[in-house]
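**Student:** query.txt is reproduced below (compact mmCIF, C-alpha atoms).
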# COMPACT_ATOMS: atom_id res chain seq x y z
CA LYS A 1 59.22 -10.05 5.37
CA LEU A 2 57.66 -6.60 5.01
CA PHE A 3 56.73 -7.38 1.43
CA LYS A 4 55.27 -10.72 2.52
CA ASN A 5 53.09 -9.06 5.19
CA LEU A 6 51.98 -6.39 2.73
CA THR A 7 51.00 -9.05 0.22
CA LYS A 8 49.14 -11.00 2.90
CA ASN A 9 47.18 -7.96 4.07
CA LEU A 10 46.40 -6.89 0.53
CA THR A 11 45.04 -10.35 -0.19
CA LYS A 12 42.98 -10.39 3.04
CA TRP A 13 41.53 -6.89 2.89
CA PHE A 14 41.14 -6.27 -0.82
CA ILE A 15 41.57 -9.19 -3.20
CA VAL A 16 39.55 -11.75 -1.22
CA PRO A 17 36.56 -9.42 -0.55
CA VAL A 18 36.44 -8.34 -4.20
CA LEU A 19 36.58 -11.97 -5.28
CA ILE A 20 33.78 -12.93 -2.89
CA ILE A 21 31.56 -10.06 -4.03
CA SER A 22 32.07 -11.15 -7.62
CA LEU A 23 31.12 -14.71 -6.75
CA VAL A 24 27.96 -13.56 -4.94
CA TYR A 25 26.76 -11.56 -7.93
CA PHE A 26 27.65 -14.39 -10.29
CA PHE A 27 25.90 -17.16 -8.36
CA THR A 28 22.95 -15.25 -6.83
CA PRO A 29 19.89 -15.71 -9.09
CA TYR A 30 18.38 -12.55 -10.55
CA ARG A 31 15.05 -11.84 -8.84
CA ALA A 32 12.50 -10.34 -11.20
CA TYR A 33 9.42 -8.64 -9.78
CA ALA A 34 5.95 -8.61 -11.26
CA ALA A 35 4.45 -5.29 -12.32
CA VAL A 36 1.50 -4.20 -10.19
CA THR A 37 -1.44 -3.33 -12.42
CA PHE A 38 -4.95 -2.01 -11.92
CA ASP A 39 -7.69 -4.65 -12.15
CA ALA A 40 -11.14 -3.25 -11.34
CA THR A 41 -13.13 -0.83 -9.19
CA SER A 42 -16.69 -0.79 -7.83
CA ASN A 43 -18.94 0.85 -5.24
CA SER A 44 -22.14 0.24 -3.31
CA GLY A 45 -23.79 3.44 -4.43
CA ALA A 46 -24.68 6.21 -2.02
CA ILE A 47 -26.52 5.11 1.12
CA THR A 48 -28.53 7.97 2.60
CA ASP A 49 -30.08 6.06 5.50
CA SER A 50 -29.61 2.70 7.17
CA VAL A 51 -31.79 0.07 8.76
CA SER A 52 -30.97 -3.05 10.73
CA PRO A 53 -28.72 -5.08 10.25
CA PHE A 54 -26.64 -1.96 9.47
CA GLU A 55 -24.73 -3.30 6.47
CA ILE A 56 -23.18 -2.03 3.25
CA SER A 57 -22.89 -4.63 0.51
CA TRP A 58 -22.14 -4.78 -3.20
CA SER A 59 -20.53 -7.03 -5.81
CA HIS A 60 -16.93 -6.75 -6.99
CA THR A 61 -15.16 -8.86 -9.62
CA THR A 62 -11.44 -9.70 -9.40
CA THR A 63 -9.32 -11.29 -12.13
CA GLY A 64 -5.65 -12.02 -12.84
CA SER A 65 -2.82 -13.43 -10.73
CA ASP A 66 -1.27 -12.27 -7.43
CA ARG A 67 -4.51 -10.44 -6.69
CA LEU A 68 -5.15 -7.84 -3.98
CA LEU A 69 -8.45 -6.26 -2.96
CA VAL A 70 -8.59 -2.90 -1.17
CA VAL A 71 -11.89 -1.64 0.27
CA GLY A 72 -12.67 1.88 1.47
CA ILE A 73 -15.67 2.54 3.74
CA GLY A 74 -16.89 6.08 4.42
CA HIS A 75 -19.82 7.58 6.32
CA ILE A 76 -20.71 10.76 8.18
CA THR A 77 -21.07 9.41 11.71
CA THR A 78 -18.22 8.09 13.84
CA GLU A 79 -19.07 4.41 14.03
CA THR A 80 -17.34 1.09 14.61
CA ILE A 81 -17.10 -1.24 11.63
CA ASN A 82 -17.44 -4.74 13.05
CA SER A 83 -16.09 -6.49 9.96
CA VAL A 84 -15.55 -6.34 6.22
CA THR A 85 -15.59 -9.55 4.20
CA TYR A 86 -15.19 -10.51 0.57
CA GLY A 87 -16.88 -13.72 -0.48
CA GLY A 88 -17.12 -14.57 3.23
CA THR A 89 -13.38 -14.08 3.89
CA SER A 90 -12.42 -11.46 6.48
CA MET A 91 -10.42 -8.44 5.35
CA THR A 92 -7.69 -6.72 7.42
CA LEU A 93 -8.14 -3.16 8.68
CA ILE A 94 -5.28 -0.78 7.87
CA ALA A 95 -6.63 2.33 9.63
CA THR A 96 -9.73 4.38 10.48
CA VAL A 97 -9.75 8.20 10.85
CA ASN A 98 -12.46 10.72 11.78
CA THR A 99 -12.95 14.46 11.41
CA ALA A 100 -14.19 16.57 14.30
CA LEU A 101 -17.64 16.54 12.72
CA GLY A 102 -17.64 12.74 12.68
CA ASP A 103 -16.93 12.00 9.03
CA GLN A 104 -15.04 8.75 8.90
CA SER A 105 -13.00 6.77 6.38
CA SER A 106 -11.52 3.28 6.77
CA LEU A 107 -9.26 1.19 4.56
CA PHE A 108 -9.16 -2.64 4.45
CA TYR A 109 -7.22 -5.14 2.33
CA LEU A 110 -7.20 -8.83 1.39
CA ALA A 111 -4.44 -10.73 -0.41
CA ASN A 112 -5.43 -13.48 -2.83
CA PRO A 113 -9.17 -12.72 -2.84
CA ALA A 114 -11.41 -15.23 -4.57
CA SER A 115 -11.47 -14.64 -8.30
CA GLY A 116 -14.66 -13.74 -10.11
CA ALA A 117 -17.70 -11.88 -8.79
CA ASN A 118 -18.14 -11.95 -5.01
CA THR A 119 -19.93 -9.86 -2.40
CA VAL A 120 -18.17 -7.21 -0.32
CA LEU A 121 -20.00 -6.95 3.00
CA ALA A 122 -19.30 -4.28 5.63
CA THR A 123 -21.12 -4.81 8.93
CA MET A 124 -21.50 -1.77 11.18
CA ALA A 125 -21.94 -1.84 14.95
CA THR A 126 -25.09 0.30 14.94
CA THR A 127 -26.98 2.68 12.71
CA PHE A 128 -25.19 5.11 10.41
CA SER A 129 -26.12 7.52 7.64
CA ALA A 130 -24.77 8.87 4.35
CA GLY A 131 -22.30 6.08 3.77
CA VAL A 132 -20.65 4.31 0.88
CA GLY A 133 -18.47 1.29 0.22
CA MET A 134 -15.83 1.33 -2.53
CA ALA A 135 -13.32 -1.21 -3.80
CA VAL A 136 -10.16 -1.33 -5.93
CA SER A 137 -8.43 -4.56 -6.96
CA LEU A 138 -4.86 -4.92 -8.23
CA THR A 139 -2.78 -7.73 -9.72
CA GLY A 140 0.94 -8.47 -9.43
CA VAL A 141 0.98 -7.81 -5.66
CA ASN A 142 3.15 -9.58 -3.08
CA GLN A 143 1.00 -12.29 -1.52
CA THR A 144 3.13 -12.95 1.58
CA THR A 145 3.55 -9.38 2.87
CA PRO A 146 1.42 -7.17 0.62
CA LEU A 147 1.14 -4.16 2.93
CA ASP A 148 4.21 -1.99 2.39
CA ALA A 149 3.46 1.26 4.32
CA SER A 150 0.57 3.55 5.27
CA ASP A 151 -0.33 7.03 6.48
CA THR A 152 -3.41 8.81 7.82
CA THR A 153 -4.34 12.50 7.81
CA VAL A 154 -7.19 14.57 9.21
CA THR A 155 -7.36 18.14 7.88
CA GLU A 156 -9.92 20.71 9.01
CA ASN A 157 -11.10 23.77 7.06
CA ALA A 158 -8.82 23.33 4.07
CA ASN A 159 -9.13 23.07 0.30
CA SER A 160 -6.99 19.93 0.11
CA VAL A 161 -5.57 17.04 2.10
CA THR A 162 -2.14 15.41 1.78
CA SER A 163 -0.88 12.11 3.17
CA ALA A 164 2.77 11.11 2.81
CA VAL A 165 3.35 7.39 2.38
CA ILE A 166 6.98 6.30 2.83
CA THR A 167 7.15 3.28 0.54
CA VAL A 168 9.72 0.56 1.25
CA ALA A 169 9.57 -1.76 -1.75
CA ASP A 170 10.46 -0.32 -5.15
CA ASN A 171 7.58 -0.14 -7.67
CA SER A 172 4.89 -0.32 -4.99
CA TRP A 173 1.41 1.06 -5.66
CA ILE A 174 -0.59 3.34 -3.36
CA VAL A 175 -4.35 3.01 -2.81
CA ASP A 176 -6.28 5.49 -0.67
CA VAL A 177 -9.73 6.47 0.58
CA VAL A 178 -10.94 9.95 1.49
CA ALA A 179 -14.06 11.43 3.10
CA MET A 180 -14.78 15.15 2.60
CA VAL A 181 -17.44 17.23 4.32
CA GLY A 182 -19.02 19.43 1.64
CA THR A 183 -20.49 19.32 -1.84
CA GLN A 184 -17.36 20.33 -3.73
CA THR A 185 -16.01 18.31 -6.64
CA LEU A 186 -13.19 15.96 -5.67
CA THR A 187 -10.03 16.02 -7.78
CA VAL A 188 -6.66 14.31 -7.36
CA ASP A 189 -3.09 15.47 -7.82
CA SER A 190 -0.87 14.79 -10.80
CA GLY A 191 0.27 11.17 -10.96
CA GLN A 192 -2.82 9.86 -9.18
CA THR A 193 -5.77 8.19 -10.89
CA GLN A 194 -9.17 8.83 -9.35
CA ARG A 195 -11.05 5.54 -9.21
CA GLN A 196 -14.16 6.55 -7.22
CA ASN A 197 -16.13 9.71 -6.38
CA VAL A 198 -19.46 9.11 -4.67
CA ILE A 199 -21.54 11.98 -3.33
CA SER A 200 -23.68 10.90 -0.38
CA ALA A 201 -26.23 13.23 1.17
CA PRO A 202 -26.12 15.34 3.19
CA GLY A 203 -23.11 17.02 1.63
CA THR A 204 -20.32 14.49 1.91
CA ASP A 205 -18.06 13.17 -0.85
CA PHE A 206 -16.11 9.91 -0.74
CA GLY A 207 -13.34 8.87 -3.10
CA MET A 208 -10.62 6.33 -3.84
CA SER A 209 -7.53 6.65 -6.03
CA THR A 210 -4.38 4.78 -7.03
CA LYS A 211 -0.81 5.95 -7.62
CA GLY A 212 2.00 3.83 -9.01
CA ALA A 213 4.40 2.49 -9.71
CA ILE A 214 6.42 4.39 -7.08
CA THR A 215 10.12 4.32 -7.96
CA PRO A 216 12.48 4.85 -6.33
CA ALA A 217 10.93 3.93 -2.99
CA GLY A 218 10.57 6.75 -0.47
CA SER A 219 8.18 9.46 0.68
CA THR A 220 5.30 9.98 -1.78
CA ASN A 221 2.48 12.49 -1.40
CA VAL A 222 -1.12 11.51 -2.10
CA ILE A 223 -3.29 14.62 -2.52
CA TRP A 224 -7.01 15.34 -2.89
CA ASN A 225 -8.42 18.79 -3.74
CA ASP A 226 -11.89 20.28 -3.50
CA GLY A 227 -11.86 21.54 -7.09
CA GLY A 228 -11.49 25.16 -6.05
CA ASP A 229 -15.15 25.54 -5.12
CA ILE A 230 -16.34 27.93 -2.43
CA GLY A 231 -15.82 26.78 1.15
CA THR A 232 -13.16 24.97 3.18
CA PRO A 233 -14.17 21.39 3.92
CA ASP A 234 -12.90 18.85 6.45
CA TRP A 235 -11.05 15.69 5.33
CA ALA A 236 -10.42 12.17 6.66
CA HIS A 237 -7.77 10.38 4.60
CA VAL A 238 -6.15 6.91 4.73
CA ALA A 239 -3.47 5.84 2.22
CA ALA A 240 -1.45 2.63 1.97
CA SER A 241 1.18 1.21 -0.37
CA PHE A 242 1.38 -2.40 -1.56
CA ALA A 243 4.53 -4.23 -2.67
CA PRO A 244 4.97 -6.04 -6.00
CA ALA A 245 5.16 -9.82 -6.17
CA VAL A 246 8.29 -11.74 -7.04
CA ALA A 247 7.71 -12.91 -10.62
CA GLY A 248 6.56 -16.51 -10.63
CA GLY A 249 6.25 -16.70 -6.87
CA GLY A 250 4.26 -13.88 -5.28
CA GLY A 251 6.49 -13.97 -2.18
CA SER A 252 8.58 -11.54 -0.19
CA THR A 253 10.53 -8.77 -1.90
CA ASN A 254 12.92 -8.40 1.05
CA ALA A 255 15.12 -11.50 0.83
CA GLN A 256 18.78 -10.92 1.81
CA PRO A 257 21.21 -13.33 0.15
CA THR A 258 24.01 -14.44 2.49
CA LEU A 259 27.18 -16.31 1.54
CA SER A 260 30.17 -17.49 3.60
CA ILE A 261 33.50 -18.39 1.98
CA GLN A 262 36.79 -19.04 3.77
CA GLY A 263 35.83 -17.22 6.95
CA GLN A 264 34.32 -14.23 5.09
CA THR A 265 30.62 -13.41 5.43
CA ILE A 266 28.64 -11.44 2.85
CA ILE A 267 25.19 -9.98 3.49
CA ASN A 268 23.73 -7.95 0.62
CA SER A 269 27.27 -7.54 -0.80
CA GLN A 270 28.67 -6.22 2.50
CA VAL A 271 31.88 -8.05 3.41
CA ILE A 272 32.56 -8.88 7.05
CA ILE A 273 36.16 -10.03 7.65
CA LYS A 274 36.45 -12.66 10.40
Could I get this structure in the form of structure tokens?
**Tutor:**
Amino acid sequence: KLFKNLTKNLTKWFIVPVLIISLVYFFTPYRAYAAVTFDATSNSGAITDSVSPFEISWSHTTTGSDRLLVVGIGHITTETINSVTYGGTSMTLIATVNTALGDQSSLFYLANPASGANTVLATMATTFSAGVGMAVSLTGVNQTTPLDASDTTVTENANSVTSAVITVADNSWIVDVVAMVGTQTLTVDSGQTQRQNVISAPGTDFGMSTKGAITPAGSTNVIWNDGGDIGTPDWAHVAASFAPAVAGGGGSTNAQPTLSIQGQTIINSQVIIK
């Protein structure tokens, strides 16, 4: 009887779970993910003054599949951005940050933007000065839940600014926008690629960069420097990560396969004995 109970328990607590796990891995389809890649970048050019209707506009061209457009808006007065559109389609605001002196940067995104050349249009609430609009487009991005994580940082009187983005999906890409008070030369840290650097009078620099693919997922620093020039500028920084698309589908990267067999439940290979 003791041997019989031992055999029964061994079957219940070891052999059956191992068998179920093996079946899950055998029957669960392999999910390949597309590689996020850089598509294009553009900017409006420096705007040193504004007149009604208080807009920043320029043309940006997107190509490829599973597209994503990220737009950074910067200017030297704290001002509300009423909307940003691409080809007439509204974009989603990730965050806006301001320095004590009023320099402001904002980051917007749009999944599945219209392909080809279209107009990016940022409409401000009232007048502004020394502004710029910039854009970066990517391909291979998750179309259902593209935004993976984000971070914002305001740093005063410093030679650099750092934001830490805690990515969730493996192989995500980070896109950021920065506004810096001063006339120093913007540079980025190792592993980043500077996509934009627009100097807009009086004495403010705006930039965008990308960093990816980020693997394994986790905390990743995105850093801008002032090039070591004289002075300690102020910084307004917004950074966000974007998840890769499922190959052939563009959908969520967070699916959790579940299987039940003979009273046993498996979620992501974790066995729950009932």
**Student:** Smallest atom-to-atom distance to Pro244 of chain A: which of A:Ala117, A:Ile214, A:Ala40, A:Ala46, using all atoms listed in the file?
**Tutor:**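 The shortest atom-to-atom distance to Pro244 of chain A comes from A:Ile214.
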**Student:** Could you tell me which of A:Val177, A:Thr232, A:Gln192, A:Thr167 comes closest to Pro216 of chain A if we count all atoms listed in the file?
**Tutor:**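 Counting all atoms listed in the file, the residue closest to Pro216 of chain A is A:Thr167.
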**Student:** Take the point (-8.8, -11.9, 4.1) as written in the file and pick out every residue within 10 Å of it, counting all atoms listed in the file; give the list as a PyMOL selection string.
**Tutor:** chain A and resi 68-69+84-93+108-114
**Student:** Keeping C-alpha atoms for every residue in the selection just given, could you write it to a file as a compact mmCIF listing (two decimals), in the coordinates of the input?
**Tutor:**
# COMPACT_ATOMS: atom_id res chain seq x y z
CA LEU A 68 -5.15 -7.84 -3.98
CA LEU A 69 -8.45 -6.26 -2.96
CA VAL A 84 -15.55 -6.34 6.22
CA THR A 85 -15.59 -9.55 4.20
CA TYR A 86 -15.19 -10.51 0.57
CA GLY A 87 -16.88 -13.72 -0.48
CA GLY A 88 -17.12 -14.57 3.23
CA THR A 89 -13.38 -14.08 3.89
CA SER A 90 -12.42 -11.46 6.48
CA MET A 91 -10.42 -8.44 5.35
CA THR A 92 -7.69 -6.72 7.42
CA LEU A 93 -8.14 -3.16 8.68
CA PHE A 108 -9.16 -2.64 4.45
CA TYR A 109 -7.22 -5.14 2.33
CA LEU A 110 -7.20 -8.83 1.39
CA ALA A 111 -4.44 -10.73 -0.41
CA ASN A 112 -5.43 -13.48 -2.83
CA PRO A 113 -9.17 -12.72 -2.84
CA ALA A 114 -11.41 -15.23 -4.57
**Student:** Might you pull out every residue within 7 Å of Val188 of chain A, with all atoms listed in the file counted and same-chain residues fewer than 2 positions away left off, and present them as a PDB file with C-alpha atoms, in the coordinates of the input?
**Tutor:**
ATOM      1  CA  LEU A 186     -13.190  15.960  -5.670  1.00  0.00           C
ATOM      2  CA  SER A 190      -0.870  14.790 -10.800  1.00  0.00           C
ATOM      3  CA  GLN A 192      -2.820   9.860  -9.180  1.00  0.00           C
ATOM      4  CA  GLN A 194      -9.170   8.830  -9.350  1.00  0.00           C
ATOM      5  CA  ILE A 223      -3.290  14.620  -2.520  1.00  0.00           C
ATOM      6  CA  TRP A 224      -7.010  15.340  -2.890  1.00  0.00           C
ATOM      7  CA  ASN A 225      -8.420  18.790  -3.740  1.00  0.00           C
TER       8      ASN A 225
END
**Student:** Between atom CA of Thr193 of chain A and atom CA of Phe38 of chain A, measure the distance and give it in Å to one decimal.
**Tutor:**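 Pair atom CA of Thr193 of chain A / atom CA of Phe38 of chain A returns 10.3 Å.
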**Student:** So what do you get for atom CA of Leu107 of chain A versus atom CA of Asp189 of chain A, distance-wise?
**Tutor:**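 Computing the Euclidean distance for atom CA of Leu107 of chain A and atom CA of Asp189 of chain A yields 19.9 Å.
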**Student:** For Ala158 of chain A, please output as a VMD selection string all residues within 9 Å (counting all atoms listed in the file; exclusion window: fewer than 6 positions along the same chain).
**Tutor:** chain A and resid 226 231 to 235
**Student:** What is the distance, in Å and to one decimal place, between atom CA of Ala122 of chain A and atom CA of Asp66 of chain A?
**Tutor:**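 Computed distance, atom CA of Ala122 of chain A to atom CA of Asp66 of chain A, equals 23.7 Å.
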**Student:** Counting all atoms listed in the file, which residues come within 10 Å of (-8.6, -1.3, -10.1), with the point read in the file's coordinates, and could you list them as a list in words?
**Tutor:**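 Nearby residues: Thr37, Phe38, Asp39, Ala40, Thr41, Ser42, Thr62, Leu68, Leu69, Val70, Ala135, Val136, Ser137, Leu138, Thr139, Val175, Thr193, Arg195, Ser209 and Thr210 of chain A.
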**Student:** Of the residues A:Val238, A:Val120, A:Val168, A:Ala179, which is the one nearest to Leu101 of chain A, using all atoms listed in the file?
**Tutor:**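 Smallest separation from Leu101 of chain A among the options: A:Ala179.
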**Student:** Pick out the closest residue to Phe242 of chain A from this set: A:Val198, A:Ala217, A:Ile47, A:Leu121. Count all atoms listed in the file.
**Tutor:** A:Ala217
**Student:** For each of A:Gly133, A:Pro53, A:Gly182, A:Gly140, take the minimum atom-to-atom distance to Val71 of chain A, counting only C-alpha atoms, then give the residue where this is smallest.
**Tutor:** A:Gly133
**Student:** Give the answer as one residue: which of A:Leu147, A:Gly227, A:Val141, A:Thr127 has the shortest atom-to-atom distance to Asn159 of chain A, using all atoms listed in the file?
**Tutor:**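 Closest to Asn159 of chain A, using all atoms listed in the file: A:Gly227.
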**Student:** Would you compute an axis-aligned box for segment 36-44 of chain A, covering every atom listed for it in the file with 3 Å of margin on each side, and report centre and edge lengths in Å to one decimal as lines of an AutoDock Vina configuration file?
**Tutor:**
center_x = -10.3
center_y = -1.9
center_z = -7.9
size_x = 29.6
size_y = 11.5
size_z = 15.1
